[in-house]
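Q: Handing over structure-v6.txt, compact mmCIF, C-alpha atoms.
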```txt
# COMPACT_ATOMS: atom_id res chain seq x y z
CA MET A 23 122.42 140.66 148.70
CA ASP A 24 124.74 138.43 146.72
CA ASP A 25 123.92 136.67 143.44
CA THR A 26 123.15 133.33 145.08
CA ALA A 27 120.70 134.84 147.56
CA PHE A 28 119.08 136.89 144.78
CA LEU A 29 118.59 133.82 142.56
CA PHE A 30 117.25 131.80 145.50
CA GLU A 31 114.70 134.46 146.44
CA LEU A 32 113.77 134.93 142.80
CA SER A 33 113.13 131.23 142.32
CA ARG A 34 110.78 131.29 145.33
CA VAL A 35 108.60 134.12 143.93
CA GLU A 36 108.97 133.51 140.18
CA ASN A 37 105.47 132.07 139.63
CA LYS A 38 103.82 134.71 141.79
CA LEU A 39 105.75 137.44 139.96
CA MET A 40 104.76 136.10 136.55
CA GLY A 41 101.11 136.02 137.65
CA TYR A 42 101.41 139.64 138.72
CA ALA A 43 102.94 140.52 135.34
CA MET A 44 100.04 138.79 133.60
CA SER A 45 97.50 140.76 135.60
CA LEU A 46 99.26 144.08 134.95
CA THR A 47 99.40 143.44 131.20
CA GLN A 48 95.80 142.26 131.07
CA TYR A 49 96.88 138.68 130.40
CA CYS A 50 98.90 139.40 127.28
CA GLU A 51 101.56 136.71 127.53
CA ASP A 52 104.18 138.46 125.38
CA ASP A 53 103.87 141.75 127.26
CA ALA A 54 103.91 139.91 130.59
CA GLN A 55 107.09 138.08 129.62
CA GLU A 56 108.77 141.35 128.60
CA LEU A 57 107.67 143.00 131.84
CA PHE A 58 108.91 140.03 133.84
CA GLN A 59 112.33 140.15 132.17
CA ALA A 60 112.65 143.93 132.54
CA THR A 61 111.78 143.57 136.22
CA ILE A 62 114.43 140.90 136.77
CA VAL A 63 117.06 143.08 135.11
CA ARG A 64 116.08 146.13 137.17
CA ALA A 65 115.93 144.14 140.41
CA TYR A 66 119.31 142.54 139.72
CA THR A 67 120.94 145.93 139.16
CA LYS A 68 119.30 147.25 142.36
CA LYS A 69 119.82 144.14 144.49
CA GLY A 70 122.20 146.05 146.75
CA LEU A 71 119.27 148.24 147.82
CA PHE A 72 117.26 145.30 149.14
CA THR A 73 116.99 145.41 152.92
CA PRO A 74 117.63 141.96 154.45
CA GLY A 75 114.81 140.84 156.70
CA THR A 76 112.11 142.40 154.54
CA ARG A 77 109.87 140.57 152.11
CA PHE A 78 111.57 140.00 148.77
CA ASP A 79 108.25 139.38 147.00
CA LEU A 80 106.92 142.80 147.99
CA TRP A 81 110.19 144.49 147.04
CA ILE A 82 110.41 142.94 143.58
CA GLY A 83 106.65 143.37 143.09
CA ARG A 84 107.04 147.10 143.67
CA ILE A 85 109.88 147.16 141.15
CA MET A 86 107.60 145.42 138.64
CA LYS A 87 104.83 147.93 139.22
CA ASN A 88 107.28 150.82 138.71
CA VAL A 89 108.71 149.29 135.52
CA TYR A 90 105.18 148.78 134.22
CA LEU A 91 104.11 152.34 135.04
CA ASN A 92 107.27 153.86 133.56
CA GLU A 93 106.87 151.93 130.32
CA ARG A 94 103.18 152.78 130.14
CA ILE A 95 103.75 156.49 130.73
CA THR A 96 106.53 156.61 128.16
CA ALA A 97 104.44 154.76 125.60
CA GLN A 98 101.40 156.90 126.33
CA ARG A 99 103.37 160.13 125.98
CA ASN A 100 104.85 159.05 122.65
CA THR A 101 101.57 157.66 121.36
CA THR A 102 99.56 160.66 122.50
CA PHE A 103 101.89 163.10 120.79
CA ASP A 104 102.13 161.02 117.62
CA LYS A 105 98.37 160.41 117.40
CA GLU A 106 97.51 164.01 118.15
CA PHE A 107 100.12 165.30 115.74
CA SER A 108 99.17 162.95 112.92
CA HIS A 109 95.44 163.34 113.45
CA THR A 110 95.53 167.11 113.76
CA TYR A 111 98.11 168.03 111.17
CA SER A 112 98.46 165.24 108.62
CA HIS A 113 95.43 166.21 106.55
CA HIS A 114 96.58 169.83 106.65
CA PHE A 115 100.03 168.92 105.36
CA ILE A 116 98.56 166.93 102.52
CA ASP A 117 95.82 169.44 101.63
CA CYS A 118 97.96 172.55 101.96
CA CYS A 119 101.25 171.04 100.84
CA LEU A 120 102.99 172.81 103.69
CA GLU A 121 106.75 172.69 103.66
CA PHE A 122 108.77 172.13 106.80
CA SER A 123 109.94 175.73 106.69
CA GLU A 124 106.32 176.91 106.59
CA VAL A 125 105.49 174.83 109.66
CA CYS A 126 108.51 176.27 111.45
CA ALA A 127 107.33 179.75 110.48
CA LEU A 128 103.91 178.99 111.95
CA ILE A 129 105.51 177.80 115.18
CA ASN A 130 107.59 180.97 115.27
CA CYS A 131 104.36 183.01 114.98
CA LEU A 132 103.21 181.57 118.29
CA PRO A 133 103.86 183.52 121.48
CA HIS A 134 107.38 182.78 122.73
CA ASP A 135 106.25 181.43 126.11
CA ILE A 136 104.32 178.59 124.41
CA SER A 137 106.44 178.03 121.30
CA LEU A 138 109.69 177.44 123.20
CA PRO A 139 108.42 174.45 125.24
CA LEU A 140 106.87 172.96 122.08
CA ARG A 141 110.13 173.30 120.15
CA MET A 142 112.09 171.80 123.03
CA TYR A 143 109.65 168.89 123.27
CA ALA A 144 109.90 168.32 119.52
CA ASP A 145 113.69 168.31 119.90
CA GLY A 146 113.39 165.39 122.30
CA TYR A 147 113.52 167.04 125.71
CA LYS A 148 111.41 165.44 128.39
CA TYR A 149 108.88 167.47 130.36
CA HIS A 150 111.03 167.61 133.49
CA GLU A 151 114.07 168.72 131.46
CA ILE A 152 112.07 171.54 129.90
CA ALA A 153 110.76 172.53 133.33
CA ASP A 154 114.28 172.59 134.77
CA THR A 155 115.70 174.54 131.83
CA LEU A 156 112.94 177.14 131.82
CA ASP A 157 112.66 177.15 135.61
CA ILE A 158 108.89 176.58 135.58
CA PRO A 159 106.68 173.84 137.06
CA MET A 160 106.18 170.71 134.96
CA SER A 161 102.43 171.34 134.90
CA SER A 162 103.13 174.69 133.21
CA VAL A 163 105.27 172.93 130.60
CA LYS A 164 102.42 170.54 129.78
CA ASN A 165 99.88 173.37 129.66
CA ARG A 166 102.08 175.49 127.39
CA ILE A 167 102.71 172.62 124.97
CA ARG A 168 98.99 171.94 124.85
CA ALA A 169 98.28 175.64 124.25
CA ALA A 170 100.85 175.70 121.45
CA ARG A 171 99.18 172.71 119.77
CA ILE A 172 95.78 174.41 120.00
CA HIS A 173 97.18 177.62 118.50
CA LEU A 174 98.85 175.65 115.69
CA ARG A 175 95.60 173.85 114.97
CA ARG A 176 93.82 177.22 114.67
CA LEU A 177 96.54 178.60 112.40
CA LEU A 178 96.39 175.53 110.18
CA ASP A 179 92.61 175.73 109.96
CA GLU A 180 92.79 179.31 108.66
```
For this file, produce the structure as structure tokens.
A:
Amino acid sequence: MDDTAFLFELSRVENKLMGYAMSLTQYCEDDAQELFQATIVRAYTKKGLFTPGTRFDLWIGRIMKNVYLNERITAQRNTTFDKEFSHTYSHHFIDCCLEFSEVCALINCLPHDISLPLRMYADGYKYHEIADTLDIPMSSVKNRIRAARIHLRRLLDE
């Protein structure tokens, strides 16, 4: 698909696509506009993958849904970790005046099979990268990180 055909097809479905963005973002206009723009960028970069003769509106709608889900998952993962970390540990850090080195020592007290995924996650690795590196299923990575957090919570409560 060339640029002219892409822009023509986009102009035909623009209103429908914006309505879909509004429904996905629960009618938050700013979020819908950001989602709409991110979808256009993604679709433009992937326009060579569009199969002529198929429905452009369904193709770009699927791209929008994927962009929305990816952003939501990423935001949820970051928010969940930050909220859980701050809720669970912030009062302990203030009350106990724990130093960073003391927290690292606590993490090192955890069993190696659960402390390693937690340290890797804290270093910025994504779940699938940890799973690939450790050669374990992604569900095991998530379970081990959760177990490490629970163990840390118990250690901090002592």
Q: Pick from A:Ile136, A:Val89, A:Thr73, A:Ile167: nearest to A:Glu56, with all atoms listed in the file counted?
A: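 Looking at the shortest contact to A:Glu56, the residue is A:Val89.
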Q: Identify which of the residues A:Met40, A:Ala27, A:Ala60, A:Ile129 lies closest to A:Pro74, counting only C-alpha atoms when measuring atom-to-atom distances.
A: A:Ala27
Q: Could you pull the residues within 7 Å of stretch 76-79 of chain A, counting all atoms listed in the file, minus those fewer than 4 positions along the same chain, as a list in words?
A: Glu31, Val35 and Gly83 of chain A
Q: Could you tell me which of A:Ile172, A:Met23, A:Val63, A:Ile82 comes closest to A:Glu36 if we count all atoms listed in the file?
A: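 Using all atoms listed in the file, the shortest distance to A:Glu36 belongs to A:Ile82.
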Q: From the list A:Ile152, A:Ala170, A:Leu29, A:Leu39, which residue is nearest A:Lys87 when using only C-alpha atoms?
A: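 Once distances to A:Lys87 are computed over only C-alpha atoms, the minimum belongs to A:Leu39.
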Q: Enter the distance from atom CA of A:Leu132 to atom CA of A:Leu177, in Å, rounded to one decimal.
A: 9.4 Å
Q: Quote the spacing between atom CA of A:Arg64 and atom CA of A:Asn88 in Å to one decimal place.
A: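 Answer for the atom CA of A:Arg64 to atom CA of A:Asn88 separation: 10.1 Å.
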Q: So which residues touch A:Tyr90 within 12 Å, counting all atoms listed in the file, skipping near sequence neighbours fewer than 5 positions away, as a VMD selection string?
A: chain A and resid 42 to 48 53 to 61 64 83 to 85 95 to 98
Q: I'd like the interatomic distance between atom CA of A:Cys126 and atom CA of A:Leu174, to a tenth of an Å.
A: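 Atom CA of A:Leu174 lies 10.6 Å from atom CA of A:Cys126.
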Q: Using all atoms listed in the file, which residue out of A:Pro133, A:Lys148, A:Phe28, A:Cys50 lies closest to A:Trp81?
A: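 Comparing A:Pro133, A:Lys148, A:Phe28, A:Cys50 against A:Trp81, the winner is A:Phe28.
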Q: Can you pull out the residues contacting A:Ser137? Cut-off 10 Å, using all atoms listed in the file, and skip same-chain residues under 2 positions away; I want them as a PyMOL selection string.
A: chain A and resi 128-135+139-143+166-167+169-171+173-174
